[in-house]
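*Asks:* I'm passing along data.tsv; it holds TSV, C-alpha atoms.
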chain	number	residue	atom	x	y	z
J	3	MET	CA	-6.07	11.11	0.10
J	4	ASN	CA	-3.61	14.04	0.11
J	5	LEU	CA	-2.88	16.00	-3.06
J	6	ALA	CA	-1.84	19.42	-4.34
J	7	ILE	CA	-2.96	20.56	-7.78
J	8	THR	CA	-0.74	23.47	-8.77
J	9	GLY	CA	-0.15	26.00	-11.53
J	10	GLY	CA	-3.51	25.89	-13.27
J	11	TYR	CA	-6.19	28.47	-13.95
J	12	VAL	CA	-8.35	27.71	-10.90
J	13	VAL	CA	-12.08	28.44	-11.24
J	14	PRO	CA	-13.69	27.95	-7.81
J	15	VAL	CA	-17.12	28.94	-9.29
J	16	ASP	CA	-18.12	30.46	-5.92
J	17	GLY	CA	-15.29	32.97	-6.11
J	18	ASP	CA	-12.95	34.74	-8.53
J	19	PRO	CA	-10.66	32.71	-10.81
J	20	ILE	CA	-7.02	32.35	-9.74
J	21	ASP	CA	-4.35	32.20	-12.43
J	22	GLY	CA	-1.50	29.95	-11.32
J	23	GLY	CA	-3.50	28.78	-8.32
J	24	THR	CA	-3.24	25.77	-6.06
J	25	VAL	CA	-5.91	23.45	-4.69
J	26	LEU	CA	-4.71	21.57	-1.61
J	27	ILE	CA	-6.53	18.41	-0.60
J	28	GLN	CA	-5.90	16.61	2.68
J	29	ASP	CA	-7.70	13.48	3.83
J	30	GLY	CA	-10.00	13.79	0.82
J	31	LYS	CA	-11.15	17.33	1.68
J	32	ILE	CA	-10.15	20.68	0.20
J	33	THR	CA	-8.18	22.62	2.80
J	34	GLU	CA	-6.85	25.59	0.81
J	35	VAL	CA	-7.47	27.30	-2.52
J	36	GLY	CA	-5.27	30.21	-3.56
J	37	ARG	CA	-2.15	31.50	-5.28
J	38	ASP	CA	0.34	31.29	-2.40
J	39	VAL	CA	-0.49	27.98	-0.77
J	40	ALA	CA	2.19	26.20	1.23
J	41	VAL	CA	2.23	22.56	0.16
J	42	PRO	CA	3.17	20.26	3.06
J	43	GLU	CA	6.29	18.20	2.55
J	44	GLY	CA	5.59	14.77	1.10
J	45	THR	CA	2.27	15.76	-0.48
J	46	PRO	CA	1.87	14.41	-4.04
J	47	VAL	CA	1.78	17.28	-6.55
J	48	VAL	CA	-0.03	17.39	-9.90
J	49	ASP	CA	1.10	20.11	-12.27
J	50	ALA	CA	-1.94	21.68	-13.96
J	51	ALA	CA	-0.03	24.43	-15.77
J	52	GLY	CA	-1.82	25.38	-18.97
J	53	GLY	CA	-5.06	23.77	-17.83
J	54	TRP	CA	-8.24	24.88	-16.11
J	55	VAL	CA	-9.07	23.51	-12.65
J	56	LEU	CA	-12.73	23.29	-11.67
J	57	PRO	CA	-14.96	21.44	-9.24
J	58	GLY	CA	-16.49	18.22	-10.51
J	59	PHE	CA	-19.81	18.82	-12.22
J	60	VAL	CA	-23.09	17.88	-10.53
J	61	GLU	CA	-25.89	16.18	-12.47
J	62	ALA	CA	-29.11	17.05	-10.62
J	63	HIS	CA	-31.44	14.61	-12.39
J	64	GLY	CA	-30.16	11.41	-13.97
J	65	HIS	CA	-30.81	7.70	-14.17
J	66	LEU	CA	-27.26	6.35	-14.15
J	67	GLY	CA	-27.11	2.82	-12.81
J	68	VAL	CA	-30.90	2.32	-12.82
J	69	HIS	CA	-31.31	2.65	-16.59
J	70	GLU	CA	-28.18	0.83	-17.68
J	71	GLU	CA	-26.76	1.29	-21.14
J	72	ALA	CA	-26.40	-1.62	-23.57
J	73	GLU	CA	-28.29	-3.94	-21.22
J	74	GLY	CA	-31.89	-3.74	-22.43
J	75	TRP	CA	-34.60	-5.16	-20.20
J	76	ALA	CA	-32.17	-6.66	-17.69
J	77	GLY	CA	-30.72	-3.27	-16.78
J	78	GLN	CA	-33.98	-1.30	-16.73
J	79	ASP	CA	-35.01	-0.54	-13.15
J	80	THR	CA	-36.07	3.09	-13.51
J	81	ASN	CA	-39.84	2.78	-13.12
J	82	GLU	CA	-41.94	0.51	-10.89
J	83	MET	CA	-45.04	1.11	-12.96
J	84	THR	CA	-47.39	-1.09	-10.94
J	85	ASP	CA	-48.35	1.40	-8.24
J	86	PRO	CA	-49.13	5.10	-8.85
J	87	ASN	CA	-47.73	5.95	-5.40
J	88	GLY	CA	-44.17	4.66	-5.12
J	89	ALA	CA	-42.96	6.97	-2.33
J	90	ARG	CA	-41.51	4.00	-0.42
J	91	LEU	CA	-39.30	3.02	-3.39
J	92	ARG	CA	-35.61	3.98	-3.27
J	93	ALA	CA	-33.40	4.51	-6.29
J	94	LEU	CA	-30.54	3.48	-4.00
J	95	ASP	CA	-31.72	-0.13	-4.16
J	96	ALA	CA	-31.47	-0.40	-7.95
J	97	ILE	CA	-28.16	1.27	-8.87
J	98	ASN	CA	-25.52	-0.84	-10.58
J	99	PRO	CA	-22.07	0.82	-10.30
J	100	ALA	CA	-20.92	-1.26	-13.29
J	101	ASP	CA	-23.13	0.77	-15.63
J	102	LEU	CA	-20.97	2.10	-18.47
J	103	ALA	CA	-22.44	5.55	-17.86
J	104	PHE	CA	-20.30	6.13	-14.78
J	105	GLY	CA	-17.11	6.02	-16.84
J	106	ASP	CA	-18.70	8.39	-19.33
J	107	ALA	CA	-19.66	10.72	-16.50
J	108	LEU	CA	-16.05	11.00	-15.36
J	109	SER	CA	-14.89	11.64	-18.93
J	110	GLY	CA	-17.27	14.61	-19.01
J	111	GLY	CA	-16.11	15.97	-15.67
J	112	VAL	CA	-19.22	14.82	-13.79
J	113	THR	CA	-18.30	13.52	-10.33
J	114	THR	CA	-21.68	13.67	-8.55
J	115	ALA	CA	-25.11	12.59	-9.77
J	116	VAL	CA	-28.54	12.66	-8.18
J	117	ILE	CA	-30.22	9.44	-9.28
J	118	LYS	CA	-33.98	9.57	-9.54
J	119	PRO	CA	-36.72	7.06	-10.24
J	120	GLY	CA	-38.46	7.55	-13.54
J	121	SER	CA	-41.52	9.59	-14.44
J	122	GLY	CA	-44.05	6.83	-15.08
J	123	ASN	CA	-45.78	7.26	-11.72
J	124	PRO	CA	-47.44	10.29	-10.13
J	125	ILE	CA	-45.14	9.55	-7.18
J	126	GLY	CA	-42.01	7.74	-8.30
J	127	GLY	CA	-39.87	7.31	-5.20
J	128	GLN	CA	-36.86	8.57	-3.29
J	129	THR	CA	-33.79	10.01	-4.97
J	130	VAL	CA	-30.16	9.55	-3.95
J	131	ALA	CA	-26.91	11.48	-4.50
J	132	ILE	CA	-23.81	9.46	-5.28
J	133	LYS	CA	-20.26	9.93	-6.51
J	134	CYS	CA	-19.59	8.55	-9.97
J	135	TRP	CA	-16.89	6.10	-8.92
J	136	GLY	CA	-16.87	3.17	-6.52
J	137	ARG	CA	-17.32	-0.57	-6.03
J	138	SER	CA	-20.80	-0.40	-4.52
J	139	VAL	CA	-23.48	2.23	-4.25
J	140	ASP	CA	-22.89	2.28	-0.50
J	141	GLU	CA	-19.28	3.36	-1.06
J	142	MET	CA	-20.43	5.95	-3.61
J	143	LEU	CA	-23.17	7.34	-1.37
J	144	LEU	CA	-23.22	11.07	-0.75
J	145	LYS	CA	-26.74	11.59	0.62
J	146	GLU	CA	-29.90	9.50	0.86
J	147	PRO	CA	-32.68	10.29	0.45
J	148	VAL	CA	-32.23	13.63	-1.29
J	149	SER	CA	-35.81	14.27	-2.41
J	150	VAL	CA	-38.96	12.55	-3.62
J	151	LYS	CA	-39.67	12.31	-7.35
J	152	SER	CA	-43.13	13.03	-8.71
J	153	ALA	CA	-44.52	13.38	-12.23
J	154	LEU	CA	-47.29	15.38	-13.83
J	155	GLY	CA	-48.37	15.45	-17.46
J	156	GLU	CA	-48.21	12.92	-20.25
J	157	ASN	CA	-46.12	10.11	-18.76
J	158	PRO	CA	-48.25	8.92	-15.82
J	159	LYS	CA	-51.56	9.44	-17.65
J	160	ARG	CA	-50.23	7.33	-20.54
J	161	VAL	CA	-48.82	4.56	-18.33
J	162	TYR	CA	-51.97	4.07	-16.26
J	163	GLY	CA	-54.40	5.01	-19.03
J	164	ASP	CA	-52.99	2.10	-21.03
J	165	GLN	CA	-53.78	-0.10	-18.02
J	166	LYS	CA	-57.36	1.28	-17.91
J	167	LYS	CA	-56.92	2.50	-14.34
J	168	LEU	CA	-56.49	5.71	-12.38
J	169	PRO	CA	-54.88	8.04	-13.38
J	170	SER	CA	-55.61	8.34	-17.07
J	171	THR	CA	-55.98	12.14	-17.16
J	172	ARG	CA	-54.17	15.16	-15.78
J	173	GLN	CA	-56.91	15.64	-13.20
J	174	GLY	CA	-56.46	12.02	-12.17
J	175	VAL	CA	-52.70	12.44	-11.74
J	176	ALA	CA	-53.21	15.50	-9.52
J	177	ALA	CA	-55.88	13.63	-7.55
J	178	VAL	CA	-53.50	10.72	-6.83
J	179	ILE	CA	-50.92	13.14	-5.45
J	180	ARG	CA	-53.52	15.09	-3.45
J	181	ASP	CA	-55.05	11.92	-1.98
J	182	ALA	CA	-51.61	10.67	-0.98
J	183	PHE	CA	-50.78	13.85	0.92
J	184	MET	CA	-54.16	13.91	2.65
J	185	LYS	CA	-53.54	10.36	3.85
J	186	ALA	CA	-50.07	11.41	5.00
J	187	GLN	CA	-51.54	14.29	7.01
J	188	ASP	CA	-54.00	11.94	8.72
J	189	TYR	CA	-51.27	9.36	9.28
J	190	LYS	CA	-49.00	11.93	10.91
J	191	ALA	CA	-51.76	13.08	13.29
J	192	LYS	CA	-52.52	9.49	14.33
J	193	ARG	CA	-48.84	8.60	14.68
J	194	ASP	CA	-48.06	11.66	16.78
J	195	ALA	CA	-51.06	10.99	19.02
J	196	ALA	CA	-50.02	7.37	19.51
J	197	GLU	CA	-46.47	8.43	20.40
J	198	ALA	CA	-47.76	11.02	22.88
J	199	GLU	CA	-49.90	8.37	24.56
J	200	GLY	CA	-47.17	5.74	24.44
J	201	LYS	CA	-49.31	3.42	22.32
J	202	PRO	CA	-48.04	1.10	19.55
J	203	PHE	CA	-48.57	2.24	15.98
J	204	ASP	CA	-48.43	0.36	12.68
J	205	ARG	CA	-45.90	2.07	10.43
J	206	ASP	CA	-46.46	2.66	6.71
J	207	GLY	CA	-43.33	3.09	4.59
J	208	THR	CA	-45.11	5.09	1.91
J	209	LEU	CA	-46.76	7.55	4.27
J	210	GLU	CA	-43.64	7.94	6.43
J	211	VAL	CA	-41.81	9.32	3.39
J	212	LEU	CA	-44.62	11.70	2.50
J	213	VAL	CA	-44.68	13.00	6.08
J	214	ARG	CA	-41.01	13.90	5.66
J	215	VAL	CA	-42.00	15.92	2.59
J	216	LEU	CA	-44.78	17.66	4.53
J	217	ASP	CA	-42.35	18.43	7.35
J	218	GLY	CA	-40.00	20.17	4.88
J	219	GLU	CA	-37.27	17.59	5.34
J	220	LEU	CA	-37.34	16.37	1.73
J	221	PRO	CA	-38.00	18.56	-1.34
J	222	TRP	CA	-40.53	17.50	-3.95
J	223	CYS	CA	-38.89	17.07	-7.36
J	224	GLN	CA	-41.73	17.63	-9.79
J	225	HIS	CA	-41.36	16.30	-13.34
J	226	THR	CA	-43.31	18.78	-15.41
J	227	HIS	CA	-42.95	20.22	-18.91
J	228	ARG	CA	-45.97	22.29	-19.91
J	229	ALA	CA	-46.79	25.64	-18.31
J	230	ASP	CA	-50.23	24.40	-17.20
J	231	ASP	CA	-48.59	21.44	-15.44
J	232	ILE	CA	-46.11	23.79	-13.78
J	233	ALA	CA	-49.11	25.79	-12.54
J	234	THR	CA	-50.60	22.59	-11.12
J	235	ALA	CA	-47.30	21.86	-9.37
J	236	LEU	CA	-47.40	25.31	-7.77
J	237	ARG	CA	-51.04	24.80	-6.76
J	238	LEU	CA	-50.32	21.48	-5.08
J	239	SER	CA	-47.30	22.84	-3.24
J	240	ASP	CA	-49.46	25.71	-1.97
J	241	GLU	CA	-52.08	23.26	-0.71
J	242	PHE	CA	-49.61	21.13	1.25
J	243	GLY	CA	-46.74	23.52	1.93
J	244	TYR	CA	-43.84	21.40	0.69
J	245	ARG	CA	-40.60	22.58	-0.92
J	246	LEU	CA	-41.01	22.39	-4.68
J	247	VAL	CA	-38.28	21.89	-7.27
J	248	ILE	CA	-39.36	21.99	-10.92
J	249	ASN	CA	-37.67	19.26	-12.97
J	250	HIS	CA	-37.45	19.63	-16.78
J	251	GLY	CA	-39.47	22.87	-16.87
J	252	THR	CA	-39.61	22.94	-20.67
J	253	GLU	CA	-42.14	25.77	-20.61
J	254	GLY	CA	-40.84	27.30	-17.39
J	255	HIS	CA	-39.78	30.38	-19.34
J	256	LEU	CA	-43.48	31.19	-19.83
J	257	LEU	CA	-43.84	31.50	-16.03
J	258	ALA	CA	-40.32	32.72	-15.31
J	259	ASP	CA	-41.42	35.77	-13.31
J	260	THR	CA	-43.72	33.67	-11.12
J	261	LEU	CA	-41.03	31.07	-10.45
J	262	ALA	CA	-38.50	33.78	-9.61
J	263	GLU	CA	-40.87	35.61	-7.26
J	264	ARG	CA	-41.58	32.38	-5.40
J	265	ASN	CA	-37.94	31.24	-5.33
J	266	ILE	CA	-38.80	27.97	-7.06
J	267	PRO	CA	-35.65	26.47	-8.63
J	268	VAL	CA	-35.72	24.79	-12.03
J	269	ILE	CA	-33.64	21.82	-13.16
J	270	ILE	CA	-34.00	22.29	-16.91
J	271	GLY	CA	-33.43	19.73	-19.62
J	272	PRO	CA	-32.68	17.54	-21.37
J	273	LEU	CA	-31.89	20.07	-24.09
J	274	PHE	CA	-30.45	17.84	-26.87
J	275	THR	CA	-33.67	16.09	-27.82
J	276	SER	CA	-36.22	16.15	-30.59
J	277	ARG	CA	-39.73	17.36	-29.83
J	278	SER	CA	-40.88	13.78	-29.42
J	279	LYS	CA	-44.16	14.58	-27.67
J	280	VAL	CA	-46.61	17.45	-27.28
J	281	GLU	CA	-45.09	18.57	-23.97
J	282	LEU	CA	-41.80	19.36	-25.71
J	283	ARG	CA	-43.13	21.65	-28.43
J	284	HIS	CA	-41.43	24.66	-26.83
J	285	ARG	CA	-38.14	22.96	-26.02
J	286	SER	CA	-35.38	25.45	-26.84
J	287	LEU	CA	-31.76	26.10	-25.93
J	288	SER	CA	-32.72	29.72	-25.33
J	289	ASN	CA	-34.99	28.83	-22.39
J	290	PRO	CA	-32.20	28.49	-19.76
J	291	GLY	CA	-31.07	32.04	-20.47
J	292	ILE	CA	-34.62	33.39	-20.15
J	293	LEU	CA	-35.04	31.70	-16.75
J	294	ALA	CA	-31.66	32.84	-15.46
J	295	ARG	CA	-32.20	36.45	-16.53
J	296	ALA	CA	-35.54	36.42	-14.70
J	297	GLY	CA	-33.72	35.46	-11.50
J	298	VAL	CA	-34.66	31.77	-11.35
J	299	GLU	CA	-32.07	29.51	-9.70
J	300	LEU	CA	-31.15	27.20	-12.55
J	301	ALA	CA	-29.52	23.82	-13.00
J	302	ILE	CA	-29.08	21.98	-16.30
J	303	THR	CA	-29.69	18.24	-16.60
J	304	THR	CA	-29.05	15.57	-19.22
J	305	ASP	CA	-31.77	13.30	-17.79
J	306	HIS	CA	-29.29	10.56	-18.72
J	307	PRO	CA	-29.67	8.36	-20.73
J	308	VAL	CA	-32.01	10.70	-22.65
J	309	VAL	CA	-28.87	12.76	-23.32
J	310	PRO	CA	-25.56	11.00	-22.60
J	311	ILE	CA	-24.20	12.13	-19.25
J	312	HIS	CA	-20.86	13.36	-20.64
J	313	PHE	CA	-22.73	15.92	-22.75
J	314	LEU	CA	-23.83	17.85	-19.64
J	315	VAL	CA	-21.25	20.58	-20.19
J	316	HIS	CA	-22.04	20.77	-23.92
J	317	GLN	CA	-25.68	21.54	-23.14
J	318	ALA	CA	-24.44	24.43	-21.01
J	319	THR	CA	-22.17	25.59	-23.83
J	320	LEU	CA	-24.94	25.70	-26.42
J	321	ALA	CA	-27.24	27.41	-23.92
J	322	VAL	CA	-24.56	30.13	-23.74
J	323	LYS	CA	-24.67	30.37	-27.52
J	324	GLU	CA	-28.41	31.04	-27.18
J	325	GLY	CA	-28.15	33.71	-24.48
J	326	LEU	CA	-27.20	32.14	-21.13
J	327	ASP	CA	-24.42	34.05	-19.37
J	328	PRO	CA	-21.22	31.93	-19.23
J	329	ALA	CA	-20.89	32.38	-15.46
J	330	ASP	CA	-24.50	31.25	-15.01
J	331	ALA	CA	-23.79	28.29	-17.30
J	332	LEU	CA	-20.95	27.07	-15.09
J	333	ARG	CA	-23.03	27.61	-11.97
J	334	SER	CA	-25.88	25.61	-13.55
J	335	ILE	CA	-23.74	22.43	-13.55
J	336	THR	CA	-21.82	22.99	-10.31
J	337	VAL	CA	-22.90	25.04	-7.32
J	338	ASN	CA	-26.55	25.55	-8.33
J	339	PRO	CA	-27.51	21.87	-8.62
J	340	ALA	CA	-25.53	21.19	-5.44
J	341	ARG	CA	-27.45	23.87	-3.55
J	342	ILE	CA	-30.85	22.96	-5.02
J	343	MET	CA	-30.40	19.34	-3.95
J	344	GLY	CA	-28.90	20.16	-0.54
J	345	LEU	CA	-25.38	18.97	-1.39
J	346	ASP	CA	-23.47	22.27	-1.35
J	347	ASP	CA	-21.85	21.44	1.99
J	348	ARG	CA	-19.96	18.67	0.15
J	349	VAL	CA	-19.69	19.44	-3.58
J	350	GLY	CA	-20.24	22.05	-6.28
J	351	SER	CA	-17.36	24.48	-5.78
J	352	LEU	CA	-13.71	24.67	-4.78
J	353	LYS	CA	-13.47	25.90	-1.22
J	354	PRO	CA	-12.11	24.62	2.09
J	355	GLY	CA	-14.22	21.98	3.76
J	356	LEU	CA	-15.72	20.51	0.61
J	357	ASP	CA	-14.85	17.15	-0.91
J	358	GLY	CA	-11.74	17.02	-3.07
J	359	ASP	CA	-13.71	16.42	-6.28
J	360	VAL	CA	-11.61	18.28	-8.82
J	361	VAL	CA	-11.25	18.18	-12.61
J	362	ILE	CA	-8.30	19.43	-14.67
J	363	TRP	CA	-9.45	20.53	-18.13
J	364	SER	CA	-7.30	21.19	-21.17
J	365	GLY	CA	-8.98	24.61	-21.45
J	366	ASP	CA	-12.27	26.38	-20.78
J	367	PRO	CA	-14.80	23.55	-20.35
J	368	LEU	CA	-17.39	25.66	-22.18
J	369	ASP	CA	-15.22	25.30	-25.28
J	370	VAL	CA	-16.42	22.13	-27.00
J	371	MET	CA	-12.82	21.30	-27.95
J	372	SER	CA	-11.70	21.14	-24.31
J	373	ARG	CA	-11.58	17.80	-22.54
J	374	ALA	CA	-11.19	16.53	-19.00
J	375	LEU	CA	-7.56	15.45	-18.56
J	376	LYS	CA	-7.68	14.29	-14.96
J	377	VAL	CA	-10.56	13.70	-12.56
J	378	PHE	CA	-10.19	13.36	-8.82
J	379	VAL	CA	-12.86	12.13	-6.39
J	380	SER	CA	-12.07	12.90	-2.75
J	381	GLY	CA	-8.48	13.50	-3.84
J	382	ARG	CA	-8.09	10.14	-5.60
J	383	GLU	CA	-7.36	10.12	-9.33
J	384	VAL	CA	-10.14	8.11	-10.94
J	385	TYR	CA	-9.89	9.18	-14.58
J	386	SER	CA	-7.16	10.41	-16.92
J	387	TYR	CA	-6.75	11.16	-20.59
J	388	ALA	CA	-3.33	11.06	-22.23
J	389	ASP	CA	-1.98	10.12	-25.65
J	390	GLY	CA	-5.50	9.67	-26.98
J	391	GLU	CA	-6.43	7.09	-24.35
J	392	PRO	CA	-9.09	7.59	-21.65
J	393	VAL	CA	-8.43	5.52	-18.52
J	394	VAL	CA	-10.94	4.97	-15.72
J	395	ALA	CA	-9.43	3.62	-12.51
J	396	ASP	CA	-10.87	0.22	-11.61
J	397	PRO	CA	-12.50	0.58	-8.17
J	398	TYR	CA	-12.42	-3.18	-7.61
J	399	TYR	CA	-8.63	-3.45	-7.80
J	400	ARG	CA	-7.31	-0.40	-5.97
J	401	GLU	CA	-4.80	-0.92	-3.21
J	402	ALA	CA	-6.34	-2.04	0.09
J	403	ALA	CA	-4.58	0.83	1.84
J	404	ASP	CA	-6.54	3.28	-0.32
J	405	ARG	CA	-9.95	1.86	0.53
Written as structure tokens, that's how I'd like the structure from this file.

*Replies:*
Amino acid sequence: MNLAITGGYVVPVDGDPIDGGTVLIQDGKITEVGRDVAVPEGTPVVDAAGGWVLPGFVEAHGHLGVHEEAEGWAGQDTNEMTDPNGARLRALDAINPADLAFGDALSGGVTTAVIKPGSGNPIGGQTVAIKCWGRSVDEMLLKEPVSVKSALGENPKRVYGDQKKLPSTRQGVAAVIRDAFMKAQDYKAKRDAAEAEGKPFDRDGTLEVLVRVLDGELPWCQHTHRADDIATALRLSDEFGYRLVINHGTEGHLLADTLAERNIPVIIGPLFTSRSKVELRHRSLSNPGILARAGVELAITTDHPVVPIHFLVHQATLAVKEGLDPADALRSITVNPARIMGLDDRVGSLKPGLDGDVVIWSGDPLDVMSRALKVFVSGREVYSYADGEPVVADPYYREAADR
């Protein structure tokens, strides 16, 4: 799709704002961003005068499509809580694009989401990055797999403790993860030896995934809230040498200097919740600011549906109120989550070569009174708001020529 968005206050995020700027999109990709951009003849033009133009937001940790809204049991595919090691599971296989959350995402300026299995298992499965508009998950696909989800703390010990099986304690959860990686190390050695000798080898889907983590190909997204669980996550990553990403990190501010020194990113949130369990006792909107000031690379998450996906930007806004720098707040929902999850070659900022995922806002998106007026995915308008009516383009009935 070709498009020129002109006249707005352009905020590339990875670069200085441009008043009266233009974003030129050709064949679905951004080709130019600037003040004096020559728009090719015949290119559709959208006038953004008076509005703010930003990249689509990136949700780094959500359950859109696997934990469907208003569907109850039938739409709940987040956790396969029958096996503590679900590394072979793929969120990709459970996403329903018809989930109402995708329309909400667009209304909140979110165009990309990393969908993760839940936190009921010590090892939950493989995550996937998708765009928030399309007929099938395969059309929406951005990258797969993106990482492997793992959980420490209360959730897995509760799930399997209730079943009277391992793991029912924190030491049991860590042991399951440690045993799995030891098996993966042995598996890799045997597989590589068989390949070198030209011998057949029985593949194991679970261990193949864990070998990719050991090889540094896939980061390890570690659900963890309490500081002691964060310390366990660091200990395990030291033992096996994988790339660690802290997810939730409710008490990450207590170890902010350690996380910064080790360049461990934190995807923090959800922030609009009650302290519903012991792990959340220190949940605070001031924590993102503490982490950012310490030098931790920070992303903010809704953990949708825990917090509705369209409130992503509002979490950033209230974190600013409690001390997070506004520039860091915008980065925490754009370029930072994109970079943390290995997607910054496609999304997260406005610069040539990236996907034409652009949102026109009525004003500063960190102002709670601002709203997304138009949302474009790869240069195609997929959402608009006018005369009090939000409209999501129906992906099933677009023109064949646009497919």

*Asks:* Give the centre and edge lengths of an axis-aligned box, in Å to one decimal, that holds all listed atoms of range 14-18 of chain J with 6 Å on each side, as JSON.

*Replies:*
{"center_x": -15.5, "center_y": 31.3, "center_z": -7.6, "size_x": 17.2, "size_y": 18.8, "size_z": 15.4}

*Asks:* Need the shell around range 273-279 of chain J: protein/DNA/RNA residues with any atom at most 10 Å away, counting only C-alpha atoms. Skip same-chain ones fewer than 3 positions apart. Format as number ranges by chain?

*Replies:* J: 156, 250, 252, 270, 282-290, 302-305, 308-310, 313-314, 316-318, 320-321

*Asks:* In terms of the shortest atom-to-atom distance over all atoms listed in the file, which of J:Leu94, J:Val47, J:Leu143, J:Ala229 is closest to Leu26 in chain J?

*Replies:*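 Nearest to Leu26 in chain J: J:Val47.
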
*Asks:* Which residue, J:Gly350, J:Gly58, J:Gly30, J:Gly44, has the smallest gap to Tyr385 in chain J when you use all atoms listed in the file?

*Replies:* J:Gly58

*Asks:* J:Ala107, J:Ile27, J:Val213, J:Ile32: which is nearest Pro354 in chain J, counting all atoms listed in the file?

*Replies:*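 For Pro354 in chain J, the nearest of the given residues is J:Ile32.
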
*Asks:* With only C-alpha atoms counted and 12 Å as the cut-off, give the residues of range 222-261 of chain J in contact with range 117-121 of chain J, each with its shortest interatomic distance in Å and the pair that gives it, as a tab-separated table.

*Replies:*
residue	atom	partner	partner_atom	distance
J:Trp222	CA	J:Lys118	CA	11.7
J:Cys223	CA	J:Lys118	CA	9.2
J:Gln224	CA	J:Ser121	CA	9.3
J:His225	CA	J:Ser121	CA	6.8
J:Thr226	CA	J:Ser121	CA	9.4
J:His227	CA	J:Ser121	CA	11.6
J:Asn249	CA	J:Ser121	CA	10.5
J:His250	CA	J:Ser121	CA	11.1

*Asks:* Which residue out of J:Asp206, J:Glu61, J:Asp194, J:Glu199 has the minimum interatomic distance to Gly110 in chain J when only C-alpha atoms are used?

*Replies:*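 Smallest distance to Gly110 in chain J is found for J:Glu61.
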
*Asks:* Counting all atoms listed in the file, what is within 8 Å of Asp16 in chain J, bar same-chain residues fewer than 5 positions away, as an MDAnalysis selection string?

*Replies:* chainID J and resid 337 351:352

*Asks:* Mind dumping the selected residues with C-alpha atoms as a PDB file, in the coordinates of the input?

*Replies:*
ATOM      1  CA  VAL J 337     -22.900  25.040  -7.320  1.00  0.00           C
ATOM      2  CA  SER J 351     -17.360  24.480  -5.780  1.00  0.00           C
ATOM      3  CA  LEU J 352     -13.710  24.670  -4.780  1.00  0.00           C
TER       4      LEU J 352
END

*Asks:* Please indicate the distance in Å from CA of Lys145 in chain J to CA of Ala89 in chain J, rounded to one decimal place.

*Replies:*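 Separating CA of Lys145 in chain J from CA of Ala89 in chain J is a distance of 17.1 Å.
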
*Asks:* Have a look at J:Pro86, J:Thr129, J:Pro328, J:Lys190 and name the one nearest to Pro169 in chain J; count all atoms listed in the file.

*Replies:*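 Smallest distance to Pro169 in chain J is found for J:Pro86.
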
*Asks:* Ranking J:Leu56, J:Leu212, J:Val175, J:Ile97 by minimum distance to Tyr162 in chain J and counting only C-alpha atoms, which one comes first?

*Replies:*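 Ranking J:Leu56, J:Leu212, J:Val175, J:Ile97 by distance to Tyr162 in chain J, first place goes to J:Val175.
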
*Asks:* Write out as JSON lines a residue-level contact list of range 119-172 of chain J versus range 394-400 of chain J with cut-off 10 Å: for each qualifying residue the closest pair of atoms and the distance in Å to one decimal, counting only C-alpha atoms, rows sorted by chain and residue number upward.

*Replies:*
{"residue": "J:Trp135", "atom": "CA", "partner": "J:Pro397", "partner_atom": "CA", "distance": 7.1}
{"residue": "J:Gly136", "atom": "CA", "partner": "J:Pro397", "partner_atom": "CA", "distance": 5.3}
{"residue": "J:Arg137", "atom": "CA", "partner": "J:Pro397", "partner_atom": "CA", "distance": 5.4}
{"residue": "J:Ser138", "atom": "CA", "partner": "J:Pro397", "partner_atom": "CA", "distance": 9.1}

*Asks:* From (-9.7, 14.9, -4.4), in the file's coordinates, out to 10 Å: which residues are reached, counting only C-alpha atoms? Answer as a list of chain:residue names.

*Replies:*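 Counting only C-alpha atoms, I find these residues within 10 Å of (-9.7, 14.9, -4.4): J:Met3, J:Asn4, J:Leu5, J:Ala6, J:Ile7, J:Val25, J:Leu26, J:Ile27, J:Gln28, J:Asp29, J:Gly30, J:Lys31, J:Ile32, J:Pro57, J:Gly58, J:Leu356, J:Asp357, J:Gly358, J:Asp359, J:Val360, J:Val361, J:Val377, J:Phe378, J:Val379, J:Ser380, J:Gly381, J:Arg382, J:Glu383, J:Val384.
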
*Asks:* Give as an mmCIF file with C-alpha atoms, in the frame of the given file each residue that has an atom at most 8 Å from (-36.7, 11.9, -1.0) in the file, counting all atoms listed in the file.

*Replies:*
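And here is the file that came out, selection.cif:
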data_model
loop_
_atom_site.group_PDB
_atom_site.id
_atom_site.type_symbol
_atom_site.label_atom_id
_atom_site.label_comp_id
_atom_site.auth_asym_id
_atom_site.auth_seq_id
_atom_site.Cartn_x
_atom_site.Cartn_y
_atom_site.Cartn_z
ATOM 1 C CA GLY J 127 -39.870 7.310 -5.200
ATOM 2 C CA GLN J 128 -36.860 8.570 -3.290
ATOM 3 C CA THR J 129 -33.790 10.010 -4.970
ATOM 4 C CA VAL J 130 -30.160 9.550 -3.950
ATOM 5 C CA GLU J 146 -29.900 9.500 0.860
ATOM 6 C CA PRO J 147 -32.680 10.290 0.450
ATOM 7 C CA VAL J 148 -32.230 13.630 -1.290
ATOM 8 C CA SER J 149 -35.810 14.270 -2.410
ATOM 9 C CA VAL J 150 -38.960 12.550 -3.620
ATOM 10 C CA LYS J 151 -39.670 12.310 -7.350
ATOM 11 C CA VAL J 211 -41.810 9.320 3.390
ATOM 12 C CA VAL J 215 -42.000 15.920 2.590
ATOM 13 C CA LEU J 220 -37.340 16.370 1.730
ATOM 14 C CA PRO J 221 -38.000 18.560 -1.340
ATOM 15 C CA TRP J 222 -40.530 17.500 -3.950
#
